[in-house]
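One structure is given below, encoded as C-alpha cells.
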Amino acid sequence: MTPLLSVQGVTKRYGTHIGCADVSFDLYPGEVMGIVGESGSGKSTLLNCMAGHLPPDAGQVVFDTRSEGPKDTLAMSEPERRMLGRTDWAFVHQHARDGLRMGVSAGGNVGERLMAVGARHYGDIREQATDWLERVEIDAARVDDRPTTFSGGMQQRLQIARNLVTGPRLVFMDEPTGGLDVSVQARLLDLLRGLVRDMGLSAIIVTHDLAVVRLLADRLMVMKSGHVVEAGLTDQVLDDPQHAYSQLLVSSVLQV
Amino acid sequence: MADYNFAYLDEQTKRMIRRAILKGLAIPGYQVPFASREMPMPYGWGTGGVQVSAAVLCPDDIFKVIDQGADDTTNAVSIRAFFERTAGVETTTATAEASVIQTRHRIPEEPLSEDQILVYQVPIPEPLRFLEPRESETRKMHSLEEYGLMHVKLYEDIARHGHIATSYAYPVKVEGRYVMDPSPIPKFDNPKLGDMAAIQLFGAGREQRIYALPPYTQVVSLDFEDHPFEASKADQICGLCGASDSYLDEVIIDDAGGRLFCCSDTDYCTGRRAAGHQGPAFPGSEVAA
Ligand SMILES: Nc1ncnc2c1ncn2[C@@H]1O[C@H](COP(=O)(O)OP(=O)(O)OP(=O)(O)O)[C@@H](O)[C@H]1O
Ligand SMILES: [Mg+2]
C-alpha cells in the first residue's frame, strides 16, 4: 500500500538551535499518528513543517495526491500547496481563535472552505454548515451566532467542523484539547474519535496528554530535543516503553 | 498660475502616476501601488482621484466633477475650482461635453463614449479588507486568485438580512481574474462598469493605490446562484423629470417631512427637463401630489 504521507529526514533549525532533526515516518490511509514529548521537544515545529506552514531546512514531505499520486509537497508551487491546505488537508489549531474567523458567523466559518473551492449556492452551503454544526454537537440554531459568543469547547468543535466540511483526507492537530477543562476535553475526544472512525480520517495529533493518544492514536512517536527517540504501536509504547525517556514520560503521567 | 506647474503636480510625479495608470490598464482590476503626494486638501476629499485627474488632464480637456451625482456640492465645486486654477482647463456640468470626469459615488446615467475618461475617488481599494485585515495576506489572495472570502462576506449578508444587503461598493470580478472594489457607487451602477466605452481609472490617495478598467472590459458582480445580483434602486420615478430608469435620491423637501424622489444625476435630470419631460412633483404639473 502507498503511504498517504511519507516524511523523510525533516530537519528544522532556528539559527543554531534545533527545532526538529531528521524525522522520518510513513502514515497509511486511515491511520492516526500521535506525537508526544515534553514542552520544547519539537512537536509543533515538526507538525508545521509537515503542514507547509514552516519551510524545513532539509527533508521531504511526500503526499499521495488524488490526481498525480505521491508528490513532495515542499517542492510544490505555493498555489498548489495552498489548494491542498483547503481541500485534502486540514489543520486544527490549539487555540480556536487562530483557526476561526471571530468576526464571522458559525455558518460562515464552516462555509468558508466550501466557498473557497467554488460552492456558489447559498442554500446548499448553509445546509451543509448546519449539518456540520450538528455533527459536532452545536445546536443548529446557533448557525448565525459569532464564535465570540461560544464557550471554549464549542469554539474548538466549530474549528473542527470548519476543517472537516470539505472531507479532507489528512488532518493535522496541534494540542486540540489543550486549554480546555477536563470534562470538556473528554467530550471533545469522544467526538474526535467518532469522526475519525466514521470518516476514515488519517490524522497526525500533537499532544503532551497521553490520554489523548491512548484514545485516538494507532501509532505513537516520542520526541525529545527535536529527535524521535521511540516509535511504535500506541499500546506497545505506552505499556512497554523501551527508551529511558519514554519510560520516564509514561511513569510520570501514571503518577499524576 | 505661474505658481503652479500645469495641474499642480510636477512633471516627474505625473509621469510616475501615468506609469501606474498604464500598468493598471494593462492588468484590469489589479491594484497598482503608487507614491501618493500631499495634496492641498485632506484625505477623504478625493486626493487619489485628484492625482489621477492631474496626471491625465491636457490643456484642451473639458473637465467635470460630480459628487454623488451632483455638480454643485462643496466637494465637486472645490475640485473643479482647483483645476480651473492650476490647469486653466475649461469645466462643464454637461456629461456629454466633458472629456475627463472625476466622480465620487456615481456613474453618470448618460452612456459615456470612447473619447472620455472617468476618474473615481476611492476611499478603500481593498475589497477583502473587511474580513482579512492583513495586507500581506490579501495580496497573496489576489495573486493566487483565492477569492472564497469575498463570498463569505456575501454569505454573512444573507445570513443576517435575508438578502445581499450590500448596496454600495458591491464587489466585482474583472475579466474573470481580479476581484475589485468599484468604490462606493450604488450597486445600481455596477452594470455600467462592464463593457463601457470610456476608460475608467480609480485612485485611492490615502491607501496609495491606482487601478483601472480599459474600454469594453468584462465586469461581473459577485453573487450566489440562489441569490443573484440585482441592480436595485428605489421603486419610484423622478419627481422632477419623470425618469424611471435613473438612480434616485430621496430628499426631504419641507418641514412637514414631505419627501421627494429625484434623479441623483443632476445633469441628467436637468437635461430631461430641458427637453420637456416632467415628473409628478414638477411645479405646475397636474399630477403633482
Ligand atoms: N520561532 C522560533 N524561533 C526560535 N526558536 C524556536 C521557535 N519556535 C520554536 N523554537 C524552539 O524550538 C524548539 C521546539 O519548539 P516547539 O514549539 O516545536 O516545541 P513543542 O514540542 O511544540 O513544545 P510545546 O509542547 O510547548 O508546544 C524549542 O526549543 C523552542 O524554543
Ligand atoms: Mg507546541
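Residue numbering restarts at 1 for every chain of the C-alpha cells, chains are lettered A, B, ... in their displayed order, and ligands are numbered from 1 as they appear.
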
Determine, counting only C-alpha atoms, which protein, DNA and RNA residues have an atom within 10 Å of an atom of B:Ile107; residues of the same chain fewer than 6 positions away are not included. Present the result as an mmCIF file with N, CA, C and O atoms, in the first residue's frame.
```cif
data_model
loop_
_atom_site.group_PDB
_atom_site.id
_atom_site.type_symbol
_atom_site.label_atom_id
_atom_site.label_comp_id
_atom_site.auth_asym_id
_atom_site.auth_seq_id
_atom_site.Cartn_x
_atom_site.Cartn_y
_atom_site.Cartn_z
ATOM 1 N N ILE B 66 -18.275 65.320 -10.341
ATOM 2 C CA ILE B 66 -19.561 65.035 -9.700
ATOM 3 C C ILE B 66 -19.338 64.375 -8.355
ATOM 4 O O ILE B 66 -18.436 63.575 -8.163
ATOM 5 N N GLN B 68 -21.604 62.311 -5.700
ATOM 6 C CA GLN B 68 -22.893 61.641 -5.530
ATOM 7 C C GLN B 68 -23.897 62.104 -6.586
ATOM 8 O O GLN B 68 -25.066 62.289 -6.289
ATOM 9 N N GLY B 69 -23.411 62.307 -7.777
ATOM 10 C CA GLY B 69 -24.308 62.641 -8.882
ATOM 11 C C GLY B 69 -24.442 64.127 -9.137
ATOM 12 O O GLY B 69 -24.855 64.552 -10.205
ATOM 13 N N ILE B 101 -13.996 63.169 -16.488
ATOM 14 C CA ILE B 101 -14.999 63.342 -15.429
ATOM 15 C C ILE B 101 -14.462 62.711 -14.158
ATOM 16 O O ILE B 101 -14.157 61.517 -14.128
ATOM 17 N N LEU B 118 -13.266 58.410 -17.144
ATOM 18 C CA LEU B 118 -13.991 58.565 -15.875
ATOM 19 C C LEU B 118 -13.021 58.234 -14.743
ATOM 20 O O LEU B 118 -12.444 57.149 -14.702
ATOM 21 N N VAL B 119 -12.806 59.200 -13.835
ATOM 22 C CA VAL B 119 -11.857 59.034 -12.726
ATOM 23 C C VAL B 119 -12.641 58.908 -11.420
ATOM 24 O O VAL B 119 -13.397 59.816 -11.054
ATOM 25 N N TYR B 120 -12.458 57.796 -10.712
ATOM 26 C CA TYR B 120 -13.182 57.570 -9.464
ATOM 27 C C TYR B 120 -12.324 57.925 -8.256
ATOM 28 O O TYR B 120 -11.143 57.594 -8.213
ATOM 29 N N ILE B 185 -19.921 53.318 -5.260
ATOM 30 C CA ILE B 185 -21.057 53.610 -6.139
ATOM 31 C C ILE B 185 -22.219 52.702 -5.720
ATOM 32 O O ILE B 185 -21.993 51.633 -5.174
ATOM 33 N N PRO B 186 -23.461 53.115 -5.934
ATOM 34 C CA PRO B 186 -24.577 52.206 -5.620
ATOM 35 C C PRO B 186 -24.523 51.009 -6.566
ATOM 36 O O PRO B 186 -24.050 51.137 -7.695
ATOM 37 N N PHE B 188 -26.652 49.793 -8.193
ATOM 38 C CA PHE B 188 -27.420 50.129 -9.401
ATOM 39 C C PHE B 188 -26.478 50.462 -10.560
ATOM 40 O O PHE B 188 -26.776 50.196 -11.725
ATOM 41 N N ASP B 189 -25.325 51.066 -10.223
ATOM 42 C CA ASP B 189 -24.368 51.472 -11.263
ATOM 43 C C ASP B 189 -23.474 50.335 -11.737
ATOM 44 O O ASP B 189 -22.790 50.478 -12.751
ATOM 45 N N ASN B 190 -23.434 49.220 -10.995
ATOM 46 C CA ASN B 190 -22.494 48.147 -11.343
ATOM 47 C C ASN B 190 -22.572 47.682 -12.796
ATOM 48 O O ASN B 190 -21.539 47.494 -13.434
ATOM 49 N N LYS B 192 -23.072 49.275 -15.360
ATOM 50 C CA LYS B 192 -22.454 50.237 -16.277
ATOM 51 C C LYS B 192 -20.933 50.086 -16.323
ATOM 52 O O LYS B 192 -20.291 50.567 -17.258
ATOM 53 N N LEU B 193 -20.362 49.443 -15.271
ATOM 54 C CA LEU B 193 -18.905 49.290 -15.217
ATOM 55 C C LEU B 193 -18.400 48.434 -16.371
ATOM 56 O O LEU B 193 -17.340 48.689 -16.934
ATOM 57 N N TYR B 247 -31.005 56.456 -11.236
ATOM 58 C CA TYR B 247 -30.848 56.227 -9.801
ATOM 59 C C TYR B 247 -31.410 57.423 -9.036
ATOM 60 O O TYR B 247 -31.099 58.571 -9.349
ATOM 61 N N ASP B 265 -28.326 62.062 -10.464
ATOM 62 C CA ASP B 265 -27.508 62.679 -11.517
ATOM 63 C C ASP B 265 -28.195 63.989 -11.947
ATOM 64 O O ASP B 265 -29.134 63.991 -12.742
#
```

Review point. Can you list, as a PyMOL selection string, every protein, DNA or RNA residue that comes within 12 Å of B:Thr270 when you count only C-alpha atoms, leaving out same-chain residues fewer than 3 positions away?
Key: chain B and resi 70-71+93-95+238+240-243+262-267+273-279

Check your understanding: Would you name the residues within 12 Å of ligand 2, counting only C-alpha atoms and all ligand atoms, and put them as a PyMOL selection string?
Key -> chain A and resi 19-20+35-48+93-95+173-176+178+205-208+223+226

Exercise for review: Identify, with DSSP run on backbone atoms, the residues in stretch 96-195 of chain B assigned to helix (DSSP H, G or I), and express the list as number ranges by chain.
Suggested key: B: 96-97, 135-143, 148-161, 187-193

Chain A residues near chain B within 8 Å, closest pair each, using only C-alpha atoms, as JSON lines:
```
{"residue": "A:Pro79", "atom": "CA", "partner": "B:Leu144", "partner_atom": "CA", "distance": 6.0}
{"residue": "A:Gly103", "atom": "CA", "partner": "B:Leu131", "partner_atom": "CA", "distance": 7.7}
{"residue": "A:Val104", "atom": "CA", "partner": "B:Glu156", "partner_atom": "CA", "distance": 7.1}
{"residue": "A:Ser105", "atom": "CA", "partner": "B:Glu156", "partner_atom": "CA", "distance": 7.0}
{"residue": "A:Gly108", "atom": "CA", "partner": "B:Val152", "partner_atom": "CA", "distance": 6.0}
{"residue": "A:Gly111", "atom": "CA", "partner": "B:Val152", "partner_atom": "CA", "distance": 7.4}
{"residue": "A:Glu112", "atom": "CA", "partner": "B:Val152", "partner_atom": "CA", "distance": 6.0}
{"residue": "A:Arg113", "atom": "CA", "partner": "B:Gly148", "partner_atom": "CA", "distance": 7.5}
{"residue": "A:Met115", "atom": "CA", "partner": "B:Gly148", "partner_atom": "CA", "distance": 4.9}
{"residue": "A:Ala116", "atom": "CA", "partner": "B:Gly148", "partner_atom": "CA", "distance": 3.9}
{"residue": "A:Val117", "atom": "CA", "partner": "B:Gly148", "partner_atom": "CA", "distance": 7.2}
{"residue": "A:Gly118", "atom": "CA", "partner": "B:Gly148", "partner_atom": "CA", "distance": 7.2}
{"residue": "A:Arg120", "atom": "CA", "partner": "B:Phe224", "partner_atom": "CA", "distance": 5.0}
{"residue": "A:His121", "atom": "CA", "partner": "B:Glu225", "partner_atom": "CA", "distance": 5.1}
{"residue": "A:Tyr122", "atom": "CA", "partner": "B:Phe224", "partner_atom": "CA", "distance": 6.0}
{"residue": "A:Gly123", "atom": "CA", "partner": "B:Asp226", "partner_atom": "CA", "distance": 7.1}
{"residue": "A:Asp144", "atom": "CA", "partner": "B:Ala159", "partner_atom": "CA", "distance": 6.5}
```

May I have the residues from that selection written out with N, CA, C and O atoms, as a PDB file, in the first residue's frame?
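File produced: out38.pdb:
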```
ATOM      1  N   PRO A  79       0.649  28.024  -4.906  1.00  0.00           N
ATOM      2  CA  PRO A  79      -0.796  27.856  -5.134  1.00  0.00           C
ATOM      3  C   PRO A  79      -1.244  26.413  -4.962  1.00  0.00           C
ATOM      4  O   PRO A  79      -2.300  26.149  -4.389  1.00  0.00           O
ATOM      5  N   GLY A 103     -14.970  37.260  13.598  1.00  0.00           N
ATOM      6  CA  GLY A 103     -15.960  38.248  13.191  1.00  0.00           C
ATOM      7  C   GLY A 103     -17.019  37.692  12.242  1.00  0.00           C
ATOM      8  O   GLY A 103     -17.847  38.443  11.731  1.00  0.00           O
ATOM      9  N   VAL A 104     -16.953  36.394  11.984  1.00  0.00           N
ATOM     10  CA  VAL A 104     -17.872  35.778  11.017  1.00  0.00           C
ATOM     11  C   VAL A 104     -18.727  34.748  11.742  1.00  0.00           C
ATOM     12  O   VAL A 104     -18.263  34.079  12.663  1.00  0.00           O
ATOM     13  N   SER A 105     -19.987  34.626  11.345  1.00  0.00           N
ATOM     14  CA  SER A 105     -20.908  33.690  11.990  1.00  0.00           C
ATOM     15  C   SER A 105     -20.391  32.255  11.916  1.00  0.00           C
ATOM     16  O   SER A 105     -19.529  31.933  11.103  1.00  0.00           O
ATOM     17  N   GLY A 108     -20.822  30.906   8.494  1.00  0.00           N
ATOM     18  CA  GLY A 108     -19.832  31.448   7.563  1.00  0.00           C
ATOM     19  C   GLY A 108     -18.467  30.815   7.763  1.00  0.00           C
ATOM     20  O   GLY A 108     -17.739  30.559   6.801  1.00  0.00           O
ATOM     21  N   GLY A 111     -18.768  27.435   6.249  1.00  0.00           N
ATOM     22  CA  GLY A 111     -18.970  27.540   4.806  1.00  0.00           C
ATOM     23  C   GLY A 111     -17.753  28.041   4.029  1.00  0.00           C
ATOM     24  O   GLY A 111     -17.670  27.846   2.826  1.00  0.00           O
ATOM     25  N   GLU A 112     -16.811  28.676   4.725  1.00  0.00           N
ATOM     26  CA  GLU A 112     -15.702  29.305   4.002  1.00  0.00           C
ATOM     27  C   GLU A 112     -14.940  28.335   3.105  1.00  0.00           C
ATOM     28  O   GLU A 112     -14.642  28.638   1.953  1.00  0.00           O
ATOM     29  N   ARG A 113     -14.632  27.155   3.647  1.00  0.00           N
ATOM     30  CA  ARG A 113     -13.868  26.199   2.830  1.00  0.00           C
ATOM     31  C   ARG A 113     -14.678  25.748   1.619  1.00  0.00           C
ATOM     32  O   ARG A 113     -14.131  25.510   0.544  1.00  0.00           O
ATOM     33  N   MET A 115     -16.895  27.589   0.020  1.00  0.00           N
ATOM     34  CA  MET A 115     -16.866  28.689  -0.942  1.00  0.00           C
ATOM     35  C   MET A 115     -15.480  28.816  -1.570  1.00  0.00           C
ATOM     36  O   MET A 115     -15.351  29.180  -2.741  1.00  0.00           O
ATOM     37  N   ALA A 116     -14.457  28.477  -0.797  1.00  0.00           N
ATOM     38  CA  ALA A 116     -13.082  28.559  -1.323  1.00  0.00           C
ATOM     39  C   ALA A 116     -12.860  27.578  -2.461  1.00  0.00           C
ATOM     40  O   ALA A 116     -12.007  27.799  -3.315  1.00  0.00           O
ATOM     41  N   VAL A 117     -13.610  26.495  -2.473  1.00  0.00           N
ATOM     42  CA  VAL A 117     -13.437  25.554  -3.575  1.00  0.00           C
ATOM     43  C   VAL A 117     -14.582  25.672  -4.583  1.00  0.00           C
ATOM     44  O   VAL A 117     -14.803  24.775  -5.391  1.00  0.00           O
ATOM     45  N   GLY A 118     -15.320  26.792  -4.519  1.00  0.00           N
ATOM     46  CA  GLY A 118     -16.234  27.109  -5.611  1.00  0.00           C
ATOM     47  C   GLY A 118     -17.714  26.948  -5.347  1.00  0.00           C
ATOM     48  O   GLY A 118     -18.513  27.162  -6.256  1.00  0.00           O
ATOM     49  N   ARG A 120     -21.293  27.939  -4.753  1.00  0.00           N
ATOM     50  CA  ARG A 120     -21.930  29.227  -5.032  1.00  0.00           C
ATOM     51  C   ARG A 120     -23.436  29.178  -4.846  1.00  0.00           C
ATOM     52  O   ARG A 120     -24.157  30.009  -5.380  1.00  0.00           O
ATOM     53  N   HIS A 121     -23.906  28.191  -4.089  1.00  0.00           N
ATOM     54  CA  HIS A 121     -25.342  28.108  -3.817  1.00  0.00           C
ATOM     55  C   HIS A 121     -25.552  28.314  -2.323  1.00  0.00           C
ATOM     56  O   HIS A 121     -25.197  27.452  -1.507  1.00  0.00           O
ATOM     57  N   TYR A 122     -26.098  29.466  -1.964  1.00  0.00           N
ATOM     58  CA  TYR A 122     -26.231  29.834  -0.554  1.00  0.00           C
ATOM     59  C   TYR A 122     -26.977  28.756   0.240  1.00  0.00           C
ATOM     60  O   TYR A 122     -26.536  28.345   1.314  1.00  0.00           O
ATOM     61  N   GLY A 123     -28.088  28.301  -0.295  1.00  0.00           N
ATOM     62  CA  GLY A 123     -28.917  27.325   0.417  1.00  0.00           C
ATOM     63  C   GLY A 123     -28.156  26.042   0.717  1.00  0.00           C
ATOM     64  O   GLY A 123     -28.226  25.502   1.820  1.00  0.00           O
ATOM     65  N   ASP A 144     -26.085  31.379  13.050  1.00  0.00           N
ATOM     66  CA  ASP A 144     -25.798  32.778  12.712  1.00  0.00           C
ATOM     67  C   ASP A 144     -25.068  33.535  13.832  1.00  0.00           C
ATOM     68  O   ASP A 144     -24.819  34.732  13.713  1.00  0.00           O
TER      69      ASP A 144
END
```

Check your understanding: Can you list every residue in stretch 102-251 of chain B that DSSP puts in strand (DSSP E or B), as a PyMOL selection string?
Key -> chain B and resi 102-104+117-121+168+172-174+178-180+186+199-204+209-213+219-221+224+227+248-251

Exercise for review: Name all residues at most 9 Å from B:Pro171 (count only C-alpha atoms; drop same-chain ones fewer than 2 positions away) and give them as a list of chain:residue names.
Suggested key: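 Contacts, in chain order: B:Pro127, B:Met150, B:Tyr168, B:Ala169, B:Lys173, B:Val179, B:Met180, B:Asp181, B:Pro182, B:Ser183, B:Asn190, B:Val220, B:Ser221, B:Leu222.
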
Could you please take those selected residues and save C-alpha atoms as a tab-separated table (two decimals), in the first residue's frame?
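Listing of again_28.tsv after writing:
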```tsv
chain	number	residue	atom	x	y	z
B	127	PRO	CA	-12.35	44.52	-1.31
B	150	MET	CA	-15.45	37.51	-0.85
B	168	TYR	CA	-22.64	50.25	-2.19
B	169	ALA	CA	-19.10	49.25	-3.13
B	173	LYS	CA	-14.76	40.29	-10.81
B	179	VAL	CA	-11.86	40.92	-7.66
B	180	MET	CA	-12.23	44.68	-7.41
B	181	ASP	CA	-13.96	47.24	-5.24
B	182	PRO	CA	-15.77	49.61	-7.63
B	183	SER	CA	-15.61	52.41	-4.98
B	190	ASN	CA	-22.49	48.15	-11.34
B	220	VAL	CA	-19.27	40.74	-13.27
B	221	SER	CA	-20.91	41.42	-9.91
B	222	LEU	CA	-20.38	38.55	-7.45
```

Point to revise | Contacts of A:Ala141 at 12 Å (only C-alpha atoms; same-chain gap of 3+ positions) as a PyMOL selection string | key: chain A and resi 105-107+126+129-131+133-134+137-138+144-146

Expected file contents, prior selection, C-alpha atoms, as a short mmCIF file (atom, residue, chain, number, x, y, z; two decimals), in the first residue's frame:
```
data_model
loop_
_atom_site.label_atom_id
_atom_site.label_comp_id
_atom_site.auth_asym_id
_atom_site.auth_seq_id
_atom_site.Cartn_x
_atom_site.Cartn_y
_atom_site.Cartn_z
CA SER A 105 -20.91 33.69 11.99
CA ALA A 106 -20.55 29.99 12.77
CA GLY A 107 -22.21 29.17 9.45
CA ARG A 126 -25.98 26.80 4.72
CA ALA A 129 -22.88 24.18 7.57
CA THR A 130 -25.92 23.42 9.73
CA ASP A 131 -25.41 19.73 9.21
CA LEU A 133 -22.72 22.07 13.42
CA GLU A 134 -24.97 19.22 14.47
CA GLU A 137 -22.89 18.83 18.74
CA ILE A 138 -23.56 22.54 18.30
CA ASP A 144 -25.80 32.78 12.71
CA ASP A 145 -24.01 33.48 16.01
CA ARG A 146 -20.40 34.54 16.11
#
```

Practice item. Measuring atom to atom with only C-alpha atoms, identify which of A:Asp198, A:Asp22, A:Glu127, A:Glu78 is nearest to A:Val229. Key: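 The shortest atom-to-atom distance to A:Val229 comes from A:Asp22.
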
Exercise for review: Would you mind listing what lies within 7 Å of A:Leu216 as a list in words, with only C-alpha atoms counted and same-chain residues fewer than 4 positions away left out?
Suggested key: Val32, Arg193 and Val212 of chain A

**Study point:** Contact residues around B:Cys58 with only C-alpha atoms at 10 Å, ignoring same-chain residues under 5 positions, as a PyMOL selection string
**Key:** chain B and resi 6-7+53+63+87-89+99-100

**Study point:** Close residues, B:Ile17 itself excluded, 10 Å, only C-alpha atoms, min 4 positions apart in chain, as a list in words
**Key:**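 Counting only the stated atoms, we get Glu11, Gln12, Thr13, Ile21, Leu22, Lys23, Val32, Pro33, Phe34, Ala35, Ser36, Gln51, Val52, Ser53, Ala54, Ala55, Val56, Gly203 and Ile210 of chain B.
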